[in-house]
>>> print(open('start36.cif').read())   # mmCIF, C-alpha atoms
data_query
#
loop_
_atom_site.label_atom_id
_atom_site.label_comp_id
_atom_site.auth_asym_id
_atom_site.auth_seq_id
_atom_site.Cartn_x
_atom_site.Cartn_y
_atom_site.Cartn_z
CA MET A 122 -83.68 -1.84 -35.08
CA MET A 123 -87.22 -0.74 -34.13
CA ARG A 124 -86.63 2.75 -35.50
CA THR A 125 -85.29 1.32 -38.73
CA SER A 126 -88.23 -1.06 -39.17
CA LYS A 127 -90.76 1.73 -38.51
CA ALA A 128 -89.03 4.17 -40.84
CA SER A 129 -88.63 1.73 -43.73
CA PRO A 130 -92.31 1.72 -44.85
CA LEU A 131 -92.44 5.53 -44.64
CA ILE A 132 -89.29 5.87 -46.73
CA GLY A 133 -90.70 3.40 -49.24
CA ILE A 134 -93.92 5.42 -49.55
CA LEU A 135 -92.00 8.68 -49.99
CA LEU A 136 -89.79 7.13 -52.67
CA LEU A 137 -92.87 5.79 -54.44
CA LEU A 138 -94.47 9.25 -54.38
CA LEU A 139 -91.28 10.79 -55.78
CA LEU A 140 -91.25 8.16 -58.52
CA VAL A 141 -94.82 9.04 -59.45
CA VAL A 142 -94.03 12.77 -59.47
CA TYR A 143 -91.04 12.25 -61.77
CA LEU A 144 -92.65 9.75 -64.11
CA PHE A 145 -96.11 11.31 -64.44
CA PRO A 146 -94.99 14.04 -66.92
CA VAL A 147 -93.19 11.39 -68.99
CA TYR A 148 -96.33 9.26 -68.93
CA LEU A 149 -98.46 12.18 -70.16
CA ILE A 150 -96.03 12.99 -72.98
CA ALA A 151 -95.87 9.36 -74.12
CA LEU A 152 -99.65 9.02 -73.83
CA ASN A 153 -100.42 12.09 -75.91
CA SER A 154 -97.78 11.32 -78.52
CA PHE A 155 -100.17 8.65 -79.85
CA LYS A 156 -103.15 10.99 -80.14
CA PRO A 157 -104.25 13.29 -82.99
CA PHE A 158 -104.03 17.01 -82.29
CA ARG A 159 -107.74 17.46 -81.52
CA GLU A 160 -107.90 14.43 -79.23
CA ILE A 161 -105.07 15.81 -77.09
CA PHE A 162 -107.20 18.82 -76.14
CA ASP A 163 -110.43 16.86 -75.86
CA SER A 164 -109.03 14.22 -73.49
CA PHE A 165 -105.55 15.14 -72.29
CA LEU A 166 -105.47 12.59 -69.45
CA ALA A 167 -107.41 9.79 -71.13
CA LEU A 168 -105.97 6.85 -73.02
CA PRO A 169 -105.88 7.26 -76.81
CA HIS A 170 -108.82 5.83 -78.73
CA ALA A 171 -106.29 4.24 -81.12
CA LEU A 172 -102.51 4.29 -81.46
CA TYR A 173 -101.93 7.18 -83.85
CA VAL A 174 -98.33 6.68 -85.04
CA ASP A 175 -98.55 9.30 -87.76
CA ASN A 176 -97.26 11.84 -85.22
CA TYR A 177 -93.89 10.09 -85.18
CA VAL A 178 -93.72 9.95 -88.98
CA ARG A 179 -94.50 13.66 -89.24
CA ALA A 180 -92.08 14.56 -86.45
CA TRP A 181 -89.24 12.71 -88.20
CA SER A 182 -89.92 13.86 -91.75
CA SER A 183 -91.40 17.35 -91.60
CA THR A 184 -89.47 19.21 -88.89
CA ASN A 185 -85.79 18.78 -89.86
CA PHE A 186 -85.71 16.21 -87.05
CA ALA A 187 -83.50 13.74 -88.91
CA LYS A 188 -80.75 16.31 -89.51
CA ALA A 189 -80.92 17.53 -85.92
CA PHE A 190 -80.77 13.91 -84.74
CA VAL A 191 -77.57 13.33 -86.72
CA ASN A 192 -76.07 16.56 -85.34
CA ASN A 193 -76.86 15.41 -81.81
CA ILE A 194 -75.17 12.06 -82.39
CA ILE A 195 -72.06 13.74 -83.83
CA ILE A 196 -71.79 16.24 -80.97
CA THR A 197 -72.50 13.74 -78.21
CA ALA A 198 -70.32 10.94 -79.59
CA THR A 199 -67.28 13.13 -80.27
CA SER A 200 -67.62 15.02 -76.97
CA VAL A 201 -67.98 11.91 -74.83
CA ALA A 202 -65.23 10.02 -76.67
CA GLY A 203 -62.85 12.98 -76.36
CA VAL A 204 -63.59 13.50 -72.67
CA ILE A 205 -63.14 9.80 -71.90
CA LEU A 206 -59.84 9.50 -73.76
CA VAL A 207 -58.26 12.67 -72.34
CA ALA A 208 -59.61 12.16 -68.81
CA ALA A 209 -58.55 8.50 -68.72
CA LEU A 210 -55.00 9.30 -69.82
CA ALA A 211 -54.72 12.31 -67.51
CA GLY A 212 -56.35 10.58 -64.56
CA TYR A 213 -54.09 7.53 -64.88
CA LYS A 214 -50.85 9.47 -65.27
CA LEU A 215 -51.61 11.97 -62.51
CA SER A 216 -52.67 9.19 -60.15
CA ARG A 217 -49.53 7.12 -60.69
CA ASP A 218 -47.10 10.07 -60.54
CA ARG A 219 -46.52 11.11 -56.92
CA SER A 220 -44.51 14.26 -57.59
CA ARG A 221 -45.61 17.70 -56.40
CA LEU A 222 -45.81 18.89 -59.99
CA SER A 223 -48.26 16.11 -60.78
CA TRP A 224 -50.40 17.07 -57.78
CA LEU A 225 -50.36 20.72 -58.87
CA ILE A 226 -51.42 19.78 -62.40
CA TYR A 227 -54.21 17.64 -60.94
CA LEU A 228 -55.48 20.59 -58.90
CA LEU A 229 -55.40 22.82 -61.98
CA CYS A 230 -57.28 20.19 -64.00
CA THR A 231 -60.01 19.71 -61.42
CA PHE A 232 -60.32 23.34 -60.28
CA PRO A 233 -62.81 24.24 -63.05
CA PHE A 234 -65.06 21.50 -61.65
CA MET A 235 -65.69 23.79 -58.66
CA ILE A 236 -66.64 26.75 -60.86
CA PRO A 237 -70.16 26.89 -62.35
CA PHE A 238 -69.95 26.46 -66.10
CA TYR A 239 -72.21 29.44 -66.76
CA THR A 240 -69.72 31.83 -65.16
CA TYR A 241 -67.31 31.34 -68.05
CA MET A 242 -69.77 30.32 -70.75
CA ILE A 243 -70.11 33.81 -72.25
CA PRO A 244 -66.32 34.23 -72.78
CA LEU A 245 -66.32 30.81 -74.48
CA VAL A 246 -69.13 31.93 -76.79
CA GLN A 247 -67.37 35.21 -77.57
CA LEU A 248 -64.13 33.35 -78.30
CA SER A 249 -65.97 30.98 -80.63
CA LYS A 250 -67.44 33.90 -82.56
CA THR A 251 -64.03 35.57 -82.76
CA LEU A 252 -62.52 32.36 -84.18
CA HIS A 253 -65.48 31.98 -86.59
CA ILE A 254 -66.26 28.45 -85.45
CA THR A 255 -69.97 28.95 -84.83
CA ASN A 256 -72.52 26.76 -86.66
CA ASN A 257 -70.02 23.90 -86.49
CA PRO A 258 -71.09 20.85 -84.45
CA LEU A 259 -67.51 19.59 -84.11
CA ALA A 260 -66.38 22.96 -82.75
CA LEU A 261 -69.13 22.77 -80.16
CA SER A 262 -67.81 19.32 -79.24
CA LEU A 263 -64.43 20.88 -78.42
CA ILE A 264 -66.12 23.26 -75.98
CA TYR A 265 -67.84 20.34 -74.28
CA MET A 266 -64.50 18.49 -74.10
CA SER A 267 -62.94 21.45 -72.29
CA THR A 268 -65.35 20.89 -69.39
CA GLY A 269 -64.08 17.40 -68.56
CA SER A 270 -62.60 18.27 -65.15
CA PHE A 271 -65.11 16.09 -63.29
CA ALA A 272 -64.15 13.15 -65.51
CA VAL A 273 -60.48 13.63 -64.56
CA PHE A 274 -61.46 13.76 -60.88
CA LEU A 275 -63.55 10.59 -61.08
CA ILE A 276 -61.06 8.51 -63.07
CA HIS A 277 -58.11 9.76 -61.00
CA ALA A 278 -59.86 8.51 -57.86
CA PHE A 279 -60.80 5.20 -59.48
CA VAL A 280 -57.23 4.49 -60.64
CA LYS A 281 -56.10 4.65 -57.01
CA SER A 282 -58.05 1.45 -56.37
CA ILE A 283 -55.97 -0.42 -58.98
CA PRO A 284 -52.85 -2.04 -57.42
CA ARG A 285 -49.50 -0.64 -58.54
CA GLU A 286 -48.17 -4.19 -58.68
CA LEU A 287 -49.90 -4.53 -62.05
CA ASP A 288 -47.72 -1.73 -63.41
CA GLU A 289 -44.52 -3.30 -62.17
CA SER A 290 -45.30 -6.78 -63.49
CA ALA A 291 -46.28 -5.40 -66.90
CA TYR A 292 -43.10 -3.33 -67.20
CA MET A 293 -41.01 -6.35 -66.20
CA ASP A 294 -42.63 -8.26 -69.08
CA GLY A 295 -41.50 -5.53 -71.48
CA CYS A 296 -44.84 -3.76 -71.91
CA SER A 297 -44.66 -0.05 -72.73
CA GLU A 298 -46.52 2.46 -70.56
CA LEU A 299 -49.01 3.29 -73.31
CA GLY A 300 -49.51 -0.38 -74.14
CA PHE A 301 -50.03 -1.18 -70.46
CA PHE A 302 -52.63 1.58 -70.18
CA PHE A 303 -54.74 0.48 -73.15
CA ARG A 304 -54.38 -3.28 -72.59
CA ILE A 305 -54.79 -3.48 -68.81
CA ILE A 306 -55.79 -0.20 -67.15
CA PHE A 307 -58.37 1.01 -69.66
CA PRO A 308 -60.52 -2.16 -69.45
CA LEU A 309 -60.40 -1.95 -65.65
CA LEU A 310 -61.77 1.59 -65.82
CA LYS A 311 -65.07 0.42 -67.30
CA PRO A 312 -67.22 1.43 -64.27
CA ALA A 313 -65.70 4.92 -64.10
CA ILE A 314 -65.79 5.35 -67.88
CA SER A 315 -69.44 4.27 -67.98
CA SER A 316 -70.29 6.85 -65.33
CA VAL A 317 -68.47 9.56 -67.26
CA ALA A 318 -70.11 8.48 -70.51
CA ILE A 319 -73.68 8.67 -69.23
CA LEU A 320 -73.16 11.92 -67.29
CA TYR A 321 -71.58 13.76 -70.21
CA ALA A 322 -73.92 12.19 -72.75
CA LEU A 323 -76.91 13.40 -70.73
CA TRP A 324 -75.53 16.92 -70.64
CA THR A 325 -74.45 17.24 -74.26
CA TRP A 326 -77.55 15.49 -75.64
CA ASN A 327 -79.99 17.64 -73.65
CA ASP A 328 -78.10 20.93 -73.58
CA PHE A 329 -80.03 23.87 -74.95
CA LEU A 330 -78.13 27.07 -74.17
CA LEU A 331 -74.81 26.48 -75.95
CA PRO A 332 -76.41 25.16 -79.17
CA PHE A 333 -78.87 28.06 -79.03
CA LEU A 334 -75.99 30.55 -78.88
CA LEU A 335 -73.55 28.86 -81.26
CA LEU A 336 -75.63 26.83 -83.74
CA THR A 337 -77.94 29.43 -85.26
CA ASP A 338 -77.99 27.86 -88.72
CA LYS A 339 -80.91 25.50 -89.41
CA GLU A 340 -78.64 22.75 -90.77
CA ALA A 341 -76.48 22.82 -87.62
CA ALA A 342 -79.34 22.82 -85.10
CA THR A 343 -79.64 20.15 -82.42
CA LEU A 344 -82.75 18.36 -81.19
CA THR A 345 -83.36 20.78 -78.33
CA ILE A 346 -83.31 23.72 -80.75
CA ASN A 347 -85.46 21.85 -83.23
CA ILE A 348 -88.10 21.10 -80.58
CA TYR A 349 -87.91 24.65 -79.22
CA LYS A 350 -88.84 26.02 -82.64
CA LEU A 351 -91.98 23.88 -82.69
CA PHE A 352 -93.50 26.09 -79.99
CA GLY A 353 -95.40 28.93 -81.65
CA LYS A 354 -96.29 32.33 -80.26
CA PHE A 355 -100.04 31.78 -80.57
CA GLY A 356 -100.23 28.00 -80.81
CA SER A 357 -98.16 24.82 -80.89
CA ASP A 358 -98.45 21.46 -82.63
CA TRP A 359 -98.57 19.39 -79.46
CA ASP A 360 -99.02 16.14 -81.36
CA ILE A 361 -95.68 16.63 -83.13
CA ILE A 362 -94.00 18.10 -80.04
CA THR A 363 -94.84 15.11 -77.84
CA ALA A 364 -93.70 12.64 -80.50
CA SER A 365 -90.46 14.61 -80.97
CA LEU A 366 -89.81 14.57 -77.23
CA ILE A 367 -90.20 10.79 -77.07
CA LEU A 368 -88.01 10.22 -80.13
CA SER A 369 -85.28 12.51 -78.81
CA SER A 370 -85.29 10.76 -75.41
CA LEU A 371 -84.97 7.19 -76.67
CA PRO A 372 -81.20 7.12 -77.46
CA ILE A 373 -80.14 8.49 -74.08
CA VAL A 374 -82.57 6.18 -72.24
CA ILE A 375 -81.17 3.17 -74.12
CA LEU A 376 -77.61 4.27 -73.27
CA TYR A 377 -78.50 4.63 -69.59
CA ILE A 378 -80.12 1.18 -69.47
CA ALA A 379 -77.05 -0.35 -71.13
CA LEU A 380 -74.60 1.27 -68.68
CA GLN A 381 -76.63 1.50 -65.47
CA LYS A 382 -74.96 -1.48 -63.77
CA TYR A 383 -71.58 0.30 -63.99
CA ILE A 384 -72.71 3.80 -63.00
CA ILE A 385 -73.27 3.34 -59.26
CA SER A 386 -70.07 1.34 -58.78
CA GLY A 387 -68.07 3.93 -60.71
CA VAL A 388 -69.37 6.93 -58.78
CA ALA A 389 -69.13 5.10 -55.44
CA ALA A 390 -65.52 4.11 -56.09
CA GLY A 391 -64.68 7.68 -57.04
CA ALA A 392 -66.30 9.03 -53.88
CA VAL A 393 -64.58 6.55 -51.55
CA LYS A 394 -61.12 6.63 -53.11
CA GLY A 395 -61.17 10.37 -53.77
#
>>> encode(input="start36.cif", output="structure tokens")
Amino acid sequence: MMRTSKASPLIGILLLLLLVVYLFPVYLIALNSFKPFREIFDSFLALPHALYVDNYVRAWSSTNFAKAFVNNIIITATSVAGVILVAALAGYKLSRDRSRLSWLIYLLCTFPFMIPFYTYMIPLVQLSKTLHITNNPLALSLIYMSTGSFAVFLIHAFVKSIPRELDESAYMDGCSELGFFFRIIFPLLKPAISSVAILYALWTWNDFLLPFLLLTDKEAATLTINIYKLFGKFGSDWDIITASLILSSLPIVILYIALQKYIISGVAAGAVKG
């Protein structure tokens, strides 16, 4: 007890320092997004003399930001929805079926989770170019959906915590297996689904490399590509860049805040039951 009480203040201080380290860059970006270009270089660390919101207007209207924003929403929404649907169905069925074939299929589904994505990313890109599906946001969504092995692993583990007696009572009442899944099991998977949603949304929303390789057309570009092109060789419009970074971060921050109460419980259940 004495060791715990002595260590607690030290751990609290370390966590506070880590929080400052992580949030300080975000603070600087948000701070300078409300400054004119010249003021950023004159007083980078100081508070703005006045809230200069024109940066946000220019970032939205003059940099193809709106189109890139829509592309990001399409890619992220379709990818996350596809991963959740497929992983939920697969995780439920493979968890309830106790046959050796089911266990083998589960191992095959989750095996890619152990392989770094970048080891097979280049073949995926080459295949996309061979099939002529580059510069297509929906085609990129399919690639993201193919990496849903972790979602299968998490939901499969979470389903194990749901009593099988629910299945038996539903079937005795004449409920079909698909109807039972969507009416009873799917709502119970909310913590696991929320965890999957935020994890895959974070990846697809912020991913740079795959869109950079596959979405070379200006109309198909995502936010990360759009912001990347704002950096010039000899100079950059930091007022627009900082505003673009804040605007591009807002949707994913809002999603995280909305789902945060389910995330820890979903991951913890997956870790314990898995």
>>> atom_distance(input="start36.cif", atom1="atom CA of A:Phe352", atom2="atom CA of A:Ala180")
13.3 Å
>>> resolve_selection(input="start36.cif", expression="the PyMOL selection byres ((chain A and resi 215-230) around 12)", output="VMD selection string")
chain A and resid 207 to 214 231 to 236 267 to 289 298 302 306 394 to 395
>>> residues_around(input="start36.cif", residues="A:Ser183", least_positions_apart="3", cutoff="12 Å", atoms="only C-alpha atoms", output="JSON list (two decimals) with C-alpha atoms, keeping the file's coordinate frame")
[["chain", "number", "residue", "atom", "x", "y", "z"],
["A", 175, "ASP", "CA", -98.55, 9.30, -87.76],
["A", 176, "ASN", "CA", -97.26, 11.84, -85.22],
["A", 177, "TYR", "CA", -93.89, 10.09, -85.18],
["A", 178, "VAL", "CA", -93.72, 9.95, -88.98],
["A", 179, "ARG", "CA", -94.50, 13.66, -89.24],
["A", 180, "ALA", "CA", -92.08, 14.56, -86.45],
["A", 186, "PHE", "CA", -85.71, 16.21, -87.05],
["A", 187, "ALA", "CA", -83.50, 13.74, -88.91],
["A", 188, "LYS", "CA", -80.75, 16.31, -89.51],
["A", 189, "ALA", "CA", -80.92, 17.53, -85.92],
["A", 347, "ASN", "CA", -85.46, 21.85, -83.23],
["A", 351, "LEU", "CA", -91.98, 23.88, -82.69],
["A", 361, "ILE", "CA", -95.68, 16.63, -83.13],
["A", 362, "ILE", "CA", -94.00, 18.10, -80.04],
["A", 365, "SER", "CA", -90.46, 14.61, -80.97]]
>>> resolve_selection(input="start36.cif", expression="the PyMOL selection byres ((chain A and resi 346) around 10)", output="list in words")
Ala189, Asn327, Asp328, Phe329, Leu330, Pro332, Phe333, Leu336, Thr337, Lys339, Ala341, Ala342, Thr343, Leu344, Thr345, Asn347, Ile348, Tyr349, Lys350 and Leu351 of chain A
>>> closest_residue(input="start36.cif", among="A:Leu335, A:Ala379, A:Ala313, A:Ile196", to="A:Leu248", atoms="all atoms listed in the file")
A:Leu335
>>> atom_distance(input="start36.cif", atom1="atom CA of A:Val201", atom2="atom CA of A:Ile314")
9.8 Å
>>> closest_residue(input="start36.cif", among="A:Ala322, A:Val141, A:Val174, A:Leu334", to="A:Val374", atoms="all atoms listed in the file")
A:Ala322
>>> residues_around(input="start36.cif", residues="A:Ser262", least_positions_apart="3", cutoff="8 Å", atoms="all atoms listed in the file", output="list of chain:residue names")
A:Ile196, A:Thr197, A:Thr199, A:Ser200, A:Pro258, A:Leu259, A:Tyr265, A:Met266
>>> closest_residue(input="start36.cif", among="A:Ile367, A:Leu252, A:Ala167, A:Ile319", to="A:Leu380", atoms="all atoms listed in the file")
A:Ile319
>>> atom_distance(input="start36.cif", atom1="atom CA of A:Trp181", atom2="atom CA of A:Leu376")
20.7 Å
>>> closest_residue(input="start36.cif", among="A:Ser249, A:Ser369, A:Thr363, A:Thr240", to="A:Ala151", atoms="only C-alpha atoms")
A:Thr363
>>> closest_residue(input="start36.cif", among="A:Lys311, A:Ala318, A:Thr325, A:Pro169", to="A:Leu261", atoms="all atoms listed in the file")
A:Thr325
>>> closest_residue(input="start36.cif", among="A:Leu206, A:Leu144, A:Leu331, A:Ile134", to="A:Phe307", atoms="all atoms listed in the file")
A:Leu206
>>> residues_near_point(input="start36.cif", point="(-103.0, 7.8, -77.4)", cutoff="7 Å", atoms="all atoms listed in the file", output="list of chain:residue names")
A:Leu152, A:Asn153, A:Ser154, A:Phe155, A:Lys156, A:Leu168, A:Pro169, A:His170, A:Ala171, A:Leu172, A:Tyr173
>>> decode(input="start36.cif", residues="stretch 199-318 of chain A", atoms="C-alpha atoms", output="CSV table (one decimal), in the first residue's frame")
chain,number,residue,atom,x,y,z
A,199,THR,CA,-18.2,2.9,-46.8
A,200,SER,CA,-15.0,1.3,-45.5
A,201,VAL,CA,-16.2,1.4,-41.9
A,202,ALA,CA,-19.7,0.2,-42.7
A,203,GLY,CA,-18.4,-2.6,-44.9
A,204,VAL,CA,-15.9,-3.8,-42.3
A,205,ILE,CA,-18.5,-3.7,-39.5
A,206,LEU,CA,-21.1,-5.6,-41.4
A,207,VAL,CA,-18.7,-8.3,-42.7
A,208,ALA,CA,-16.8,-8.6,-39.5
A,209,ALA,CA,-19.9,-8.8,-37.4
A,210,LEU,CA,-21.5,-11.5,-39.5
A,211,ALA,CA,-18.2,-13.5,-39.7
A,212,GLY,CA,-17.3,-13.0,-36.0
A,213,TYR,CA,-20.8,-14.2,-34.9
A,214,LYS,CA,-21.0,-17.2,-37.1
A,215,LEU,CA,-17.4,-18.4,-36.5
A,216,SER,CA,-17.9,-17.9,-32.7
A,217,ARG,CA,-21.1,-19.9,-32.6
A,218,ASP,CA,-19.9,-22.7,-34.9
A,219,ARG,CA,-17.6,-25.1,-32.9
A,220,SER,CA,-16.5,-27.2,-35.9
A,221,ARG,CA,-12.8,-27.6,-36.9
A,222,LEU,CA,-13.6,-26.0,-40.3
A,223,SER,CA,-15.0,-23.0,-38.5
A,224,TRP,CA,-11.8,-22.7,-36.4
A,225,LEU,CA,-9.7,-23.0,-39.5
A,226,ILE,CA,-11.6,-20.3,-41.3
A,227,TYR,CA,-11.2,-18.1,-38.2
A,228,LEU,CA,-7.5,-18.6,-38.3
A,229,LEU,CA,-7.3,-17.7,-42.0
A,230,CYS,CA,-9.5,-14.6,-41.4
A,231,THR,CA,-7.3,-13.3,-38.6
A,232,PHE,CA,-3.9,-14.4,-39.9
A,233,PRO,CA,-3.5,-11.2,-42.0
A,234,PHE,CA,-3.8,-9.2,-38.7
A,235,MET,CA,-0.4,-10.6,-37.7
A,236,ILE,CA,1.2,-9.4,-41.0
A,237,PRO,CA,2.1,-5.7,-41.4
A,238,PHE,CA,-0.1,-4.1,-44.0
A,239,TYR,CA,2.8,-2.5,-45.8
A,240,THR,CA,4.3,-5.9,-46.7
A,241,TYR,CA,1.4,-6.6,-49.1
A,242,MET,CA,0.4,-3.0,-49.9
A,243,ILE,CA,2.5,-2.8,-53.1
A,244,PRO,CA,0.8,-5.9,-54.7
A,245,LEU,CA,-2.6,-4.4,-53.8
A,246,VAL,CA,-1.6,-1.2,-55.6
A,247,GLN,CA,-0.3,-3.1,-58.6
A,248,LEU,CA,-3.5,-5.2,-58.7
A,249,SER,CA,-5.6,-2.0,-58.6
A,250,LYS,CA,-3.7,-0.5,-61.5
A,251,THR,CA,-4.1,-3.7,-63.5
A,252,LEU,CA,-7.9,-3.7,-62.9
A,253,HIS,CA,-8.0,0.1,-63.8
A,254,ILE,CA,-9.7,1.0,-60.5
A,255,THR,CA,-7.4,3.8,-59.5
A,256,ASN,CA,-8.8,7.3,-58.9
A,257,ASN,CA,-12.0,5.7,-57.6
A,258,PRO,CA,-12.8,6.4,-53.9
A,259,LEU,CA,-15.1,3.5,-53.7
A,260,ALA,CA,-12.5,1.1,-55.1
A,261,LEU,CA,-10.1,2.4,-52.4
A,262,SER,CA,-12.8,1.6,-49.8
A,263,LEU,CA,-12.8,-2.1,-51.0
A,264,ILE,CA,-9.1,-2.2,-50.2
A,265,TYR,CA,-9.6,-0.9,-46.8
A,266,MET,CA,-12.4,-3.4,-46.2
A,267,SER,CA,-10.0,-6.3,-47.1
A,268,THR,CA,-8.0,-5.4,-44.0
A,269,GLY,CA,-10.7,-6.1,-41.5
A,270,SER,CA,-9.1,-9.1,-39.9
A,271,PHE,CA,-8.7,-7.3,-36.5
A,272,ALA,CA,-12.4,-6.4,-36.6
A,273,VAL,CA,-13.2,-10.1,-37.0
A,274,PHE,CA,-10.9,-11.0,-34.1
A,275,LEU,CA,-12.4,-8.4,-31.8
A,276,ILE,CA,-16.1,-9.2,-32.6
A,277,HIS,CA,-15.4,-12.9,-32.5
A,278,ALA,CA,-14.0,-12.6,-29.0
A,279,PHE,CA,-16.9,-10.3,-27.9
A,280,VAL,CA,-19.6,-12.7,-29.1
A,281,LYS,CA,-18.2,-15.3,-26.8
A,282,SER,CA,-19.4,-13.2,-23.8
A,283,ILE,CA,-23.0,-13.4,-25.1
A,284,PRO,CA,-24.9,-16.5,-23.6
A,285,ARG,CA,-25.9,-19.2,-26.1
A,286,GLU,CA,-29.2,-19.5,-24.3
A,287,LEU,CA,-30.3,-16.4,-26.2
A,288,ASP,CA,-29.9,-18.3,-29.5
A,289,GLU,CA,-31.9,-21.3,-28.3
A,290,SER,CA,-34.8,-19.2,-27.0
A,291,ALA,CA,-35.0,-17.1,-30.1
A,292,TYR,CA,-35.0,-20.2,-32.4
A,293,MET,CA,-37.7,-21.8,-30.2
A,294,ASP,CA,-39.8,-18.7,-30.8
A,295,GLY,CA,-39.4,-19.2,-34.6
A,296,CYS,CA,-36.8,-16.5,-35.2
A,297,SER,CA,-34.5,-17.1,-38.2
A,298,GLU,CA,-30.8,-17.0,-37.7
A,299,LEU,CA,-30.4,-13.8,-39.7
A,300,GLY,CA,-33.3,-12.2,-37.9
A,301,PHE,CA,-31.9,-13.2,-34.6
A,302,PHE,CA,-28.5,-11.7,-35.5
A,303,PHE,CA,-29.8,-8.3,-36.5
A,304,ARG,CA,-32.5,-8.0,-33.8
A,305,ILE,CA,-30.6,-9.3,-30.8
A,306,ILE,CA,-26.9,-10.0,-31.4
A,307,PHE,CA,-26.1,-6.9,-33.4
A,308,PRO,CA,-27.4,-4.4,-30.8
A,309,LEU,CA,-25.4,-6.3,-28.1
A,310,LEU,CA,-22.3,-5.8,-30.1
A,311,LYS,CA,-22.4,-2.0,-29.7
A,312,PRO,CA,-19.2,-1.7,-27.6
A,313,ALA,CA,-17.2,-3.9,-30.0
A,314,ILE,CA,-18.7,-2.2,-33.1
A,315,SER,CA,-17.9,1.2,-31.6
A,316,SER,CA,-14.3,0.2,-31.1
A,317,VAL,CA,-14.0,-1.1,-34.6
A,318,ALA,CA,-15.7,2.0,-36.0
